[in-house]
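The data block below is coords-v2.pdb; it holds PDB, C-alpha atoms.
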```pdb
MODEL        1
ATOM      1  CA  MET A   1     154.434 -71.632 267.059  1.00  0.00           C
ATOM      2  CA  ARG A   2     155.932 -68.811 264.976  1.00  0.00           C
ATOM      3  CA  ALA A   3     153.855 -65.922 263.711  1.00  0.00           C
ATOM      4  CA  PRO A   4     153.607 -65.671 259.904  1.00  0.00           C
ATOM      5  CA  SER A   5     156.159 -63.377 258.303  1.00  0.00           C
ATOM      6  CA  ILE A   6     155.145 -60.076 256.737  1.00  0.00           C
ATOM      7  CA  HIS A   7     156.305 -61.424 253.367  1.00  0.00           C
ATOM      8  CA  ALA A   8     154.025 -64.471 253.653  1.00  0.00           C
ATOM      9  CA  LEU A   9     151.069 -62.276 254.604  1.00  0.00           C
ATOM     10  CA  GLY A  10     151.768 -60.009 251.633  1.00  0.00           C
ATOM     11  CA  VAL A  11     151.828 -62.971 249.240  1.00  0.00           C
ATOM     12  CA  VAL A  12     148.530 -64.280 250.627  1.00  0.00           C
ATOM     13  CA  LEU A  13     146.924 -60.834 250.404  1.00  0.00           C
ATOM     14  CA  ALA A  14     148.144 -60.240 246.840  1.00  0.00           C
ATOM     15  CA  SER A  15     146.931 -63.696 245.755  1.00  0.00           C
ATOM     16  CA  GLY A  16     143.530 -63.052 247.281  1.00  0.00           C
ATOM     17  CA  LEU A  17     143.188 -59.676 245.561  1.00  0.00           C
ATOM     18  CA  LEU A  18     144.161 -61.161 242.200  1.00  0.00           C
ATOM     19  CA  LEU A  19     141.681 -64.014 242.565  1.00  0.00           C
ATOM     20  CA  THR A  20     138.907 -61.629 243.596  1.00  0.00           C
ATOM     21  CA  SER A  21     139.673 -59.370 240.644  1.00  0.00           C
ATOM     22  CA  VAL A  22     139.527 -62.259 238.175  1.00  0.00           C
ATOM     23  CA  LEU A  23     136.373 -63.777 239.667  1.00  0.00           C
ATOM     24  CA  THR A  24     134.472 -60.493 239.641  1.00  0.00           C
ATOM     25  CA  GLY A  25     135.626 -59.522 236.156  1.00  0.00           C
ATOM     26  CA  CYS A  26     137.441 -56.415 237.351  1.00  0.00           C
ATOM     27  CA  ALA A  27     140.801 -57.401 235.923  1.00  0.00           C
ATOM     28  CA  THR A  28     140.024 -55.599 232.678  1.00  0.00           C
ATOM     29  CA  THR A  29     137.228 -53.531 231.244  1.00  0.00           C
ATOM     30  CA  GLU A  30     138.085 -54.337 227.641  1.00  0.00           C
ATOM     31  CA  SER A  31     138.093 -57.399 225.457  1.00  0.00           C
ATOM     32  CA  PRO A  32     141.783 -58.153 224.871  1.00  0.00           C
ATOM     33  CA  GLU A  33     141.047 -60.606 222.050  1.00  0.00           C
ATOM     34  CA  VAL A  34     138.292 -60.997 219.484  1.00  0.00           C
ATOM     35  CA  SER A  35     137.790 -63.703 216.887  1.00  0.00           C
ATOM     36  CA  LEU A  36     135.985 -62.756 213.713  1.00  0.00           C
ATOM     37  CA  THR A  37     133.139 -65.173 213.059  1.00  0.00           C
ATOM     38  CA  ALA A  38     131.323 -63.769 210.018  1.00  0.00           C
ATOM     39  CA  GLY A  39     131.011 -60.775 207.757  1.00  0.00           C
ATOM     40  CA  GLY A  40     134.568 -60.429 206.536  1.00  0.00           C
ATOM     41  CA  SER A  41     135.333 -57.268 208.503  1.00  0.00           C
ATOM     42  CA  ALA A  42     136.398 -56.259 211.992  1.00  0.00           C
ATOM     43  CA  THR A  43     136.976 -53.009 213.845  1.00  0.00           C
ATOM     44  CA  VAL A  44     139.785 -51.946 216.166  1.00  0.00           C
ATOM     45  CA  THR A  45     139.051 -48.793 218.144  1.00  0.00           C
ATOM     46  CA  ILE A  46     141.927 -46.486 219.090  1.00  0.00           C
ATOM     47  CA  SER A  47     140.938 -44.866 222.374  1.00  0.00           C
ATOM     48  CA  ASN A  48     142.478 -44.178 225.790  1.00  0.00           C
ATOM     49  CA  MET A  49     145.957 -44.694 224.317  1.00  0.00           C
ATOM     50  CA  ARG A  50     145.296 -48.331 223.343  1.00  0.00           C
ATOM     51  CA  PHE A  51     144.027 -50.568 220.569  1.00  0.00           C
ATOM     52  CA  ASN A  52     140.814 -52.399 221.457  1.00  0.00           C
ATOM     53  CA  PRO A  53     140.824 -55.281 220.902  1.00  0.00           C
ATOM     54  CA  SER A  54     144.582 -55.644 221.020  1.00  0.00           C
ATOM     55  CA  ILE A  55     144.504 -59.152 219.504  1.00  0.00           C
ATOM     56  CA  LEU A  56     142.259 -59.981 216.576  1.00  0.00           C
ATOM     57  CA  ARG A  57     141.805 -63.331 214.822  1.00  0.00           C
ATOM     58  CA  ILE A  58     140.472 -63.110 211.271  1.00  0.00           C
ATOM     59  CA  ARG A  59     140.385 -65.065 208.019  1.00  0.00           C
ATOM     60  CA  ALA A  60     142.430 -64.387 204.882  1.00  0.00           C
ATOM     61  CA  GLY A  61     140.535 -61.870 202.760  1.00  0.00           C
ATOM     62  CA  ASP A  62     138.961 -60.083 205.743  1.00  0.00           C
ATOM     63  CA  THR A  63     139.294 -56.335 206.239  1.00  0.00           C
ATOM     64  CA  VAL A  64     140.241 -54.656 209.522  1.00  0.00           C
ATOM     65  CA  THR A  65     139.248 -51.038 210.102  1.00  0.00           C
ATOM     66  CA  TRP A  66     140.952 -48.948 212.772  1.00  0.00           C
ATOM     67  CA  VAL A  67     138.757 -46.155 214.152  1.00  0.00           C
ATOM     68  CA  PHE A  68     140.688 -43.144 215.486  1.00  0.00           C
ATOM     69  CA  ALA A  69     138.583 -42.126 218.501  1.00  0.00           C
ATOM     70  CA  ASP A  70     141.099 -40.806 221.030  1.00  0.00           C
ATOM     71  CA  GLN A  71     139.775 -37.244 221.464  1.00  0.00           C
ATOM     72  CA  GLY A  72     142.067 -35.633 218.920  1.00  0.00           C
ATOM     73  CA  THR A  73     145.266 -37.430 219.950  1.00  0.00           C
ATOM     74  CA  GLU A  74     147.374 -38.302 216.916  1.00  0.00           C
ATOM     75  CA  HIS A  75     148.118 -41.976 216.251  1.00  0.00           C
ATOM     76  CA  GLY A  76     149.514 -43.978 213.370  1.00  0.00           C
ATOM     77  CA  VAL A  77     148.964 -47.697 212.744  1.00  0.00           C
ATOM     78  CA  VAL A  78     152.148 -49.333 211.390  1.00  0.00           C
ATOM     79  CA  SER A  79     153.013 -53.010 210.970  1.00  0.00           C
ATOM     80  CA  ASN A  80     156.238 -54.286 212.513  1.00  0.00           C
ATOM     81  CA  ALA A  81     159.142 -55.072 210.191  1.00  0.00           C
ATOM     82  CA  ASN A  82     158.575 -58.843 210.610  1.00  0.00           C
ATOM     83  CA  ALA A  83     154.776 -58.716 210.082  1.00  0.00           C
ATOM     84  CA  GLN A  84     153.234 -61.070 207.520  1.00  0.00           C
ATOM     85  CA  GLU A  85     151.870 -58.030 205.646  1.00  0.00           C
ATOM     86  CA  TYR A  86     152.958 -54.401 205.565  1.00  0.00           C
ATOM     87  CA  PHE A  87     150.378 -51.714 206.366  1.00  0.00           C
ATOM     88  CA  GLU A  88     150.566 -48.088 207.476  1.00  0.00           C
ATOM     89  CA  SER A  89     147.786 -45.592 208.145  1.00  0.00           C
ATOM     90  CA  GLY A  90     149.784 -42.405 208.361  1.00  0.00           C
ATOM     91  CA  VAL A  91     149.293 -40.135 211.375  1.00  0.00           C
ATOM     92  CA  GLN A  92     145.656 -39.292 212.086  1.00  0.00           C
ATOM     93  CA  SER A  93     143.709 -37.787 214.976  1.00  0.00           C
ATOM     94  CA  SER A  94     140.272 -38.843 213.680  1.00  0.00           C
ATOM     95  CA  GLY A  95     138.696 -40.896 210.928  1.00  0.00           C
ATOM     96  CA  VAL A  96     139.361 -44.489 209.926  1.00  0.00           C
ATOM     97  CA  TYR A  97     141.974 -46.621 208.200  1.00  0.00           C
ATOM     98  CA  SER A  98     141.264 -50.040 206.646  1.00  0.00           C
ATOM     99  CA  HIS A  99     143.487 -52.861 205.418  1.00  0.00           C
ATOM    100  CA  LYS A 100     142.468 -56.113 203.717  1.00  0.00           C
ATOM    101  CA  PHE A 101     144.585 -59.032 204.967  1.00  0.00           C
ATOM    102  CA  ILE A 102     145.472 -61.554 202.259  1.00  0.00           C
ATOM    103  CA  ARG A 103     148.293 -63.642 203.730  1.00  0.00           C
ATOM    104  CA  VAL A 104     147.866 -66.242 206.463  1.00  0.00           C
ATOM    105  CA  GLY A 105     150.084 -65.535 209.465  1.00  0.00           C
ATOM    106  CA  MET A 106     150.608 -63.058 212.251  1.00  0.00           C
ATOM    107  CA  SER A 107     151.072 -59.323 211.872  1.00  0.00           C
ATOM    108  CA  ARG A 108     152.041 -57.309 214.924  1.00  0.00           C
ATOM    109  CA  TYR A 109     151.583 -53.560 214.735  1.00  0.00           C
ATOM    110  CA  PHE A 110     152.231 -50.473 216.825  1.00  0.00           C
ATOM    111  CA  CYS A 111     151.410 -46.789 217.035  1.00  0.00           C
ATOM    112  CA  SER A 112     154.002 -44.683 215.237  1.00  0.00           C
ATOM    113  CA  GLU A 113     153.471 -41.879 217.772  1.00  0.00           C
ATOM    114  CA  HIS A 114     153.317 -43.933 221.013  1.00  0.00           C
ATOM    115  CA  ALA A 115     155.703 -46.894 221.232  1.00  0.00           C
ATOM    116  CA  SER A 116     153.849 -48.417 224.198  1.00  0.00           C
ATOM    117  CA  MET A 117     150.754 -49.055 222.057  1.00  0.00           C
ATOM    118  CA  GLY A 118     150.644 -52.309 220.106  1.00  0.00           C
ATOM    119  CA  GLY A 119     148.378 -54.997 218.737  1.00  0.00           C
ATOM    120  CA  THR A 120     148.315 -58.264 216.806  1.00  0.00           C
ATOM    121  CA  ILE A 121     146.303 -59.499 213.827  1.00  0.00           C
ATOM    122  CA  ILE A 122     146.259 -63.287 213.394  1.00  0.00           C
ATOM    123  CA  VAL A 123     145.082 -64.369 209.949  1.00  0.00           C
ATOM    124  CA  ARG A 124     143.923 -67.963 209.446  1.00  0.00           C
TER     125      ARG A 124
ENDMDL
END
```

Now that the file is in, can you turn its structure into structure tokens?
Amino acid sequence: MRAPSIHALGVVLASGLLLTSVLTGCATTESPEVSLTAGGSATVTISNMRFNPSILRIRAGDTVTWVFADQGTEHGVVSNANAQEYFESGVQSSGVYSHKFIRVGMSRYFCSEHASMGGTIIVR
């Protein structure tokens, strides 16, 4: 009988670590998606160089407020060119920016100062 290859052992080990991470809830410390259930408003916090939550489901007429809480780091919330609605906060290092979403559809957005940061608003 042949001994298992190093590649096969690596695949088994990686699969086990992934499963353990998912089962114990260690895969992420943040909620990647939130659905708005009532109240007509939602908050996205900008902290640790990310938007949290990064995906938000809301209803037409609801308002989303971005809270700039990244210890003085400058960020700007800007909708992508193909977003259902255009919005832009301008560059800020603190404070808040709000936008009321009227149109049903999906609006992806990004940070004008950090291209790796992005999020999505889904309006139903």

Run the PyMOL selection byres ((chain A and resi 104-114) around 7) against the file shown and list the residues it catches, as a tab-separated table (two decimals) with C-alpha atoms, in the frame of the given file.
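Saved result, expr.tsv, follows:
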```
chain	number	residue	atom	x	y	z
A	60	ALA	CA	142.43	-64.39	204.88
A	75	HIS	CA	148.12	-41.98	216.25
A	76	GLY	CA	149.51	-43.98	213.37
A	77	VAL	CA	148.96	-47.70	212.74
A	78	VAL	CA	152.15	-49.33	211.39
A	79	SER	CA	153.01	-53.01	210.97
A	80	ASN	CA	156.24	-54.29	212.51
A	83	ALA	CA	154.78	-58.72	210.08
A	84	GLN	CA	153.23	-61.07	207.52
A	85	GLU	CA	151.87	-58.03	205.65
A	102	ILE	CA	145.47	-61.55	202.26
A	103	ARG	CA	148.29	-63.64	203.73
A	115	ALA	CA	155.70	-46.89	221.23
A	116	SER	CA	153.85	-48.42	224.20
A	117	MET	CA	150.75	-49.06	222.06
A	118	GLY	CA	150.64	-52.31	220.11
A	119	GLY	CA	148.38	-55.00	218.74
A	120	THR	CA	148.32	-58.26	216.81
A	121	ILE	CA	146.30	-59.50	213.83
A	122	ILE	CA	146.26	-63.29	213.39
A	123	VAL	CA	145.08	-64.37	209.95
A	124	ARG	CA	143.92	-67.96	209.45
```

Worksheet entry | Selection result of the PyMOL selection byres ((chain A and resi 42) around 12) on this file, as an NGL selection string | :A and (33-41 or 43-45 or 52-53 or 55-59 or 61-67 or 97-101 or 121)

Dump of C-alpha atoms for the selected residues, as a compact mmCIF listing (two decimals), in the frame of the given file:
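The new file again_20.txt reads:
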```
# COMPACT_ATOMS: atom_id res chain seq x y z
CA GLU A 33 141.05 -60.61 222.05
CA VAL A 34 138.29 -61.00 219.48
CA SER A 35 137.79 -63.70 216.89
CA LEU A 36 135.99 -62.76 213.71
CA THR A 37 133.14 -65.17 213.06
CA ALA A 38 131.32 -63.77 210.02
CA GLY A 39 131.01 -60.78 207.76
CA GLY A 40 134.57 -60.43 206.54
CA SER A 41 135.33 -57.27 208.50
CA THR A 43 136.98 -53.01 213.84
CA VAL A 44 139.78 -51.95 216.17
CA THR A 45 139.05 -48.79 218.14
CA ASN A 52 140.81 -52.40 221.46
CA PRO A 53 140.82 -55.28 220.90
CA ILE A 55 144.50 -59.15 219.50
CA LEU A 56 142.26 -59.98 216.58
CA ARG A 57 141.80 -63.33 214.82
CA ILE A 58 140.47 -63.11 211.27
CA ARG A 59 140.38 -65.06 208.02
CA GLY A 61 140.54 -61.87 202.76
CA ASP A 62 138.96 -60.08 205.74
CA THR A 63 139.29 -56.34 206.24
CA VAL A 64 140.24 -54.66 209.52
CA THR A 65 139.25 -51.04 210.10
CA TRP A 66 140.95 -48.95 212.77
CA VAL A 67 138.76 -46.16 214.15
CA TYR A 97 141.97 -46.62 208.20
CA SER A 98 141.26 -50.04 206.65
CA HIS A 99 143.49 -52.86 205.42
CA LYS A 100 142.47 -56.11 203.72
CA PHE A 101 144.58 -59.03 204.97
CA ILE A 121 146.30 -59.50 213.83
```

Worksheet entry | Nearby residues, (142.6, -39.4, 211.4) file frame, 9 Å, only C-alpha atoms, as a PyMOL selection string | chain A and resi 67-69+72+74-76+89-97

Box for range 65-79 of chain A: with edges along x, y and z, all listed atoms inside and 4 Å added on each side, what are the centre and edge lengths in Å to one decimal, as AutoDock Vina command-line options?
```
--center_x 145.8 --center_y -44.3 --center_z 215.8 --size_x 22.4 --size_y 25.4 --size_z 19.4
```
